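Just below is one structure, and these are the notes that go with it.
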Amino acid sequence: MSLNALFVGSSGLTTNSSALDLIGNNLANINTSGYKDQRMVFRDVVYQTLSSGTSASAGTGGVNPAQIGFGVGVGSIGTQFTQGNLNPTGRSLDAGIQGRGFFVMRNVEDVAYTRAGAFGVDSAGYLVDPGTGYRVQRFGPVGEGGASNAGDPQFQVPGNLDIQIPYGTGAAGVVTSTIDYQGNLSSAMQVNEVATTAIQVYDAQSTARAVTVTFTKTAANTYSPSVLVSGADPTKVTLTGGPISFNSTGQLVGTANTPVTLTLTLAANALPGINTAQTITLNLGTAGLTNGLTQFGGATTVSAVNQNGSGFGTLTDVSIDADGIIQGKFTNGRTINLAQLAIAGFNNEDGLLRSGSNYFRSSVASGEALIGLAGQGGRGSLQGGSLESSNVDIAVEFSRLIVAQRGFQVNARTISTTNDTLQELANIIR
């Protein structure tokens with residue numbers, strides 16, 4: 001007499017125990033950033049064929065096969081790569097992926113992939129995972145300087161895909177090319193009376209210069225402009241485009257609805273140490289409108305209100321946009337692209353190997369990583385200042401927990417019942 005139910009029940013205990021382990025791991029990682037839920041699929045195992053069955057013949061029906069199973073096993077353990085919630089953290093170096101893809105991480109000997117974007121900057125200025133020291137990888141030429149980056153400074157080393165965030169590094173300012181003017185030149189001004197404006201602009205060496213423009217009334221409704229630039233050779237400074245005229249209703253005269261401008265030119269060597277010319281357009285407003293200079297009654301209020309240059313600045317903060325571009329914010333108001341994050345995709349995400357520390361590694365089942373940019377080739381977009389939460393659903397896990405518990409319980413009952421049967425068999429000899 002063979003009672004294989006003992007071994008069948010034992011396989012049920014083992015497999016349901018593994019299911020409980022898996023569910024427990026899911027619940028333990030409910031707060032792990034970027035964690036992806038796992039599920040177990042059971043499979044039946046070996047069968048003993050008692051009868052293979054027969055086919056039908058004349059006057060005799062067919063007989064179905066008769067088989068007895070010998071337990072259960074783990075069929076597969078799969079990963080659920082559904083999207084986790086992206087939760088704002090208020091931290092500029094955090095990033096979450098909306099859609100498919102993984103951040104690419106590297107150390108000297110190894111490459112790993114992760115959905116957890118809680119990054120930091122180490123003492124050497126590299127963008128890293130603070131928990132492991134793995135360096136975050138970039139893709140493309142962004143941050144390498146040169147023509148492909150519109151003449152921006154070089155922040156990354158060509159050929160080295162580790163990302164550097166050089167806090168404190170300097171960036172040249174922007175040469176002033178426009179100045180905007182607004183306000184009123186009083187119609188009560190007398191001939192030869194003047195109105196003076198001043199504003200700070202920047203030269204090719206990011207040095208601040210004061211530009212003083214004086215409007216002198218030369219006739220009714222007519223003004224002659226003149227200019228002084230601090231530190232400049234006045235013989236190499238010219239202002240063209242005048243005189244300035246207003247119509248009888250106090251509006252600038254010119255071609256209707258077109259800007260009225262003056263052109264300030266600093267010739268080569270007009271400023272010490274600068275051998276290139278600098279041209280600044282002075283925007284006075286639009287002809288026929290009142291969005292710039294006007295000539296109405298009342299006080300004279302003309303002023304230079306804005307200029308588009310900036311001085312030297314240092315890197316103090318960064319942000320990450322939807323395309324994975326890390327943008328550096330400098331104290332002079334400039335925003336310069338520092339690097340672009342690499343995003344890896346896989347033909348078979350389920351084939352990735354988990355290795356702890358929120359990392360996955362490629363395998364023969366997953367295929368090689370397809371590395372590119374966010375938002376391209378099926379890769380998701382990024383959300384800076386956010387982290388992806390675990391996609392574990394507590395309600396689903398508790399339901400699985402109950403099912404696994406019952407599975408363990410009934411398989412234990414199979415063993416105890418089989419044991420009682422064997423006990424009855426042993427009692428026959430009494």
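Quick note on naming: the chains in the structure tokens go A, B, ... in the order shown, residues restart at 1 in each chain, and ligands are numbered from 1 in order of appearance.
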
*Using only C-alpha atoms, which residues sit within 9 Å of Ala195 in chain A once same-chain residues fewer than 6 positions away are excluded, as JSON, numbers by chain?*
{"A": [185, 213, 214, 215, 216, 217, 300, 301, 302]}

*What's the 8 Å shell around Val72 in chain A, counting only C-alpha atoms, without same-chain residues fewer than 3 positions away, as an NGL selection string?*
:A and (8 or 11-12 or 15 or 42-45)

*Nearest-residue call for Ser177 in chain A, choices A:Gly120, A:Pro158, A:Gly145, A:Gly309, using only C-alpha atoms*: A:Gly309

_Could you check the closest approach to Leu86 in chain A for each of A:Gly61, A:Gly117, A:Pro272, A:Gly324 and tell me which residue wins, using only C-alpha atoms?_
A:Gly117

_With only C-alpha atoms as the counted atoms, please give the residues lying no more than 7 Å from Thr240 in chain A, apart from itself and same-chain residues fewer than 6 positions off, as a PyMOL selection string._
chain A and resi 262-264

*Once DSSP has gone over the backbone, tell me which residues of range 246-387 of chain A are in strand (DSSP E), as a VMD selection string.*
chain A and resid 259 to 266 278 to 286 293 to 294 303 to 307 313 to 320 325 to 330 335 to 340 343 to 345 353 to 356 359 to 361 370 to 372 381 to 384 386 to 387

*Got a sec: who's within 10 Å of Thr49 in chain A, counting only C-alpha atoms, leaving out chain neighbours fewer than 4 positions off, as a list in words?*
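Within the cut-off, the hits are Gly53, Pro65, Ala66, Gln67, Ile68 and Gly69 of chain A.
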
*asked:* Please compute the CA of Leu341 in chain A-CA of Phe103 in chain A distance, one decimal, in Å.
replied: 7.6 Å

_Point-to-point distance from CA of Gln205 in chain A to CA of Ala277 in chain A, Å rounded to tenths_ =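 Result for CA of Gln205 in chain A versus CA of Ala277 in chain A: 12.3 Å, one decimal.
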
*Within 8 Å of Arg100 in chain A, counting only C-alpha atoms, which residues qualify if same-chain residues fewer than 6 places away don't, as a list in words?*
Gly345, Gly378, Arg379 and Gly380 of chain A

For the residues in that selection, give me C-alpha atoms as a short mmCIF file (atom, residue, chain, number, x, y, z; two decimals), in the first residue's frame.
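Written output follows (again.cif):
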```cif
data_model
loop_
_atom_site.label_atom_id
_atom_site.label_comp_id
_atom_site.auth_asym_id
_atom_site.auth_seq_id
_atom_site.Cartn_x
_atom_site.Cartn_y
_atom_site.Cartn_z
CA GLY A 345 15.01 49.75 -21.93
CA GLY A 378 9.43 53.59 -25.93
CA ARG A 379 11.27 54.92 -22.87
CA GLY A 380 9.30 56.92 -20.35
#
```

*Using DSSP on the backbone coordinates, identify the residues of range 116-301 of chain A assigned to helix (DSSP H, G or I); present them as a PyMOL selection string.*
chain A and resi 147-149+234-236

Excluding Ile325 in chain A and residues on its chain fewer than 5 positions from it, collect all residues at most 7 Å away from it, counting only C-alpha atoms, and give them as a short mmCIF file (atom, residue, chain, number, x, y, z; two decimals) with N, CA, C and O atoms, in the first residue's frame.
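Below you can see result-v8.cif, which holds the result:
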```cif
data_model
loop_
_atom_site.label_atom_id
_atom_site.label_comp_id
_atom_site.auth_asym_id
_atom_site.auth_seq_id
_atom_site.Cartn_x
_atom_site.Cartn_y
_atom_site.Cartn_z
N ILE A 320 15.95 68.74 -12.96
CA ILE A 320 15.89 67.70 -13.99
C ILE A 320 14.57 67.85 -14.72
O ILE A 320 13.51 67.86 -14.09
N ASN A 337 22.56 73.70 -19.49
CA ASN A 337 22.44 72.24 -19.45
C ASN A 337 23.77 71.60 -19.07
O ASN A 337 24.80 71.85 -19.72
N ALA A 339 24.10 67.96 -18.29
CA ALA A 339 24.19 66.59 -18.79
C ALA A 339 22.78 66.09 -19.06
O ALA A 339 21.79 66.75 -18.70
N GLN A 340 22.67 64.90 -19.68
CA GLN A 340 21.36 64.29 -19.92
C GLN A 340 21.42 62.84 -19.47
O GLN A 340 22.31 62.08 -19.86
N LEU A 341 20.46 62.46 -18.63
CA LEU A 341 20.46 61.12 -18.04
C LEU A 341 20.23 60.05 -19.10
O LEU A 341 19.41 60.20 -20.01
#
```

*Residues at most 12 Å from Gly125 in chain A, counting only C-alpha atoms, excluding those fewer than 5 positions away in the same chain, as a PyMOL selection string?*
chain A and resi 120+135-136+155-156+162-169

Same residues, C-alpha atoms, output as a compact mmCIF listing (two decimals), in the first residue's frame:
```txt
# COMPACT_ATOMS: atom_id res chain seq x y z
CA GLY A 120 23.21 62.67 -4.52
CA ARG A 135 27.66 56.56 -10.47
CA VAL A 136 24.70 57.68 -12.55
CA PHE A 155 31.05 70.30 -17.60
CA GLN A 156 31.42 66.65 -18.74
CA ASP A 162 29.83 59.49 -15.32
CA ILE A 163 27.89 62.68 -14.56
CA GLN A 164 29.64 65.54 -12.80
CA ILE A 165 27.72 68.21 -10.91
CA PRO A 166 30.43 70.84 -10.26
CA TYR A 167 28.80 72.99 -7.57
CA GLY A 168 30.65 76.28 -7.25
CA THR A 169 32.04 76.23 -10.77
```

_Between CA of Leu284 in chain A and CA of Val260 in chain A, what distance in Å does the model show, to one decimal?_
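CA of Val260 in chain A lies 5.5 Å from CA of Leu284 in chain A.
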
*Identify which of the residues A:Leu228, A:Ala171, A:Leu382, A:Ala220 lies closest to Gly328 in chain A, counting only C-alpha atoms when measuring atom-to-atom distances.*
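Of the candidates, the smallest distance to Gly328 in chain A is held by A:Ala171.
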
_Under the rule that only C-alpha atoms are counted, which of A:Asp233, A:Glu193, A:Asp110, A:Glu388 is the nearest residue to Asn87 in chain A?_
A:Glu388

Per residue of range 205-225 of chain A within 12 Å of range 267-271 of chain A, what are the shortest atom pair and its distance in Å to one decimal, counting only C-alpha atoms, with rows by chain and residue number, as a tab-separated table?
```
residue	atom	partner	partner_atom	distance
A:Gln205	CA	A:Leu271	CA	10.0
A:Thr207	CA	A:Leu271	CA	10.2
A:Ala208	CA	A:Leu271	CA	11.5
A:Arg209	CA	A:Leu271	CA	9.8
```

At most 10 Å is the cut-off: for each residue in range 321-362 of chain A with any atom that close to an atom of range 313-317 of chain A, write down the nearest atom pair and the distance in Å rounded to one decimal, counting only C-alpha atoms, chain first then increasing number, as a Markdown table.
```
| residue | atom | partner | partner_atom | distance |
| --- | --- | --- | --- | --- |
| A:Gln327 | CA | A:Asp317 | CA | 8.5 |
| A:Gly328 | CA | A:Asp317 | CA | 6.1 |
| A:Lys329 | CA | A:Asp317 | CA | 5.2 |
| A:Phe330 | CA | A:Leu315 | CA | 4.4 |
| A:Thr331 | CA | A:Gly313 | CA | 4.8 |
| A:Asn332 | CA | A:Gly313 | CA | 4.6 |
| A:Gly333 | CA | A:Gly313 | CA | 7.7 |
| A:Arg334 | CA | A:Gly313 | CA | 7.8 |
| A:Thr335 | CA | A:Leu315 | CA | 9.2 |
| A:Ile336 | CA | A:Leu315 | CA | 9.4 |
```
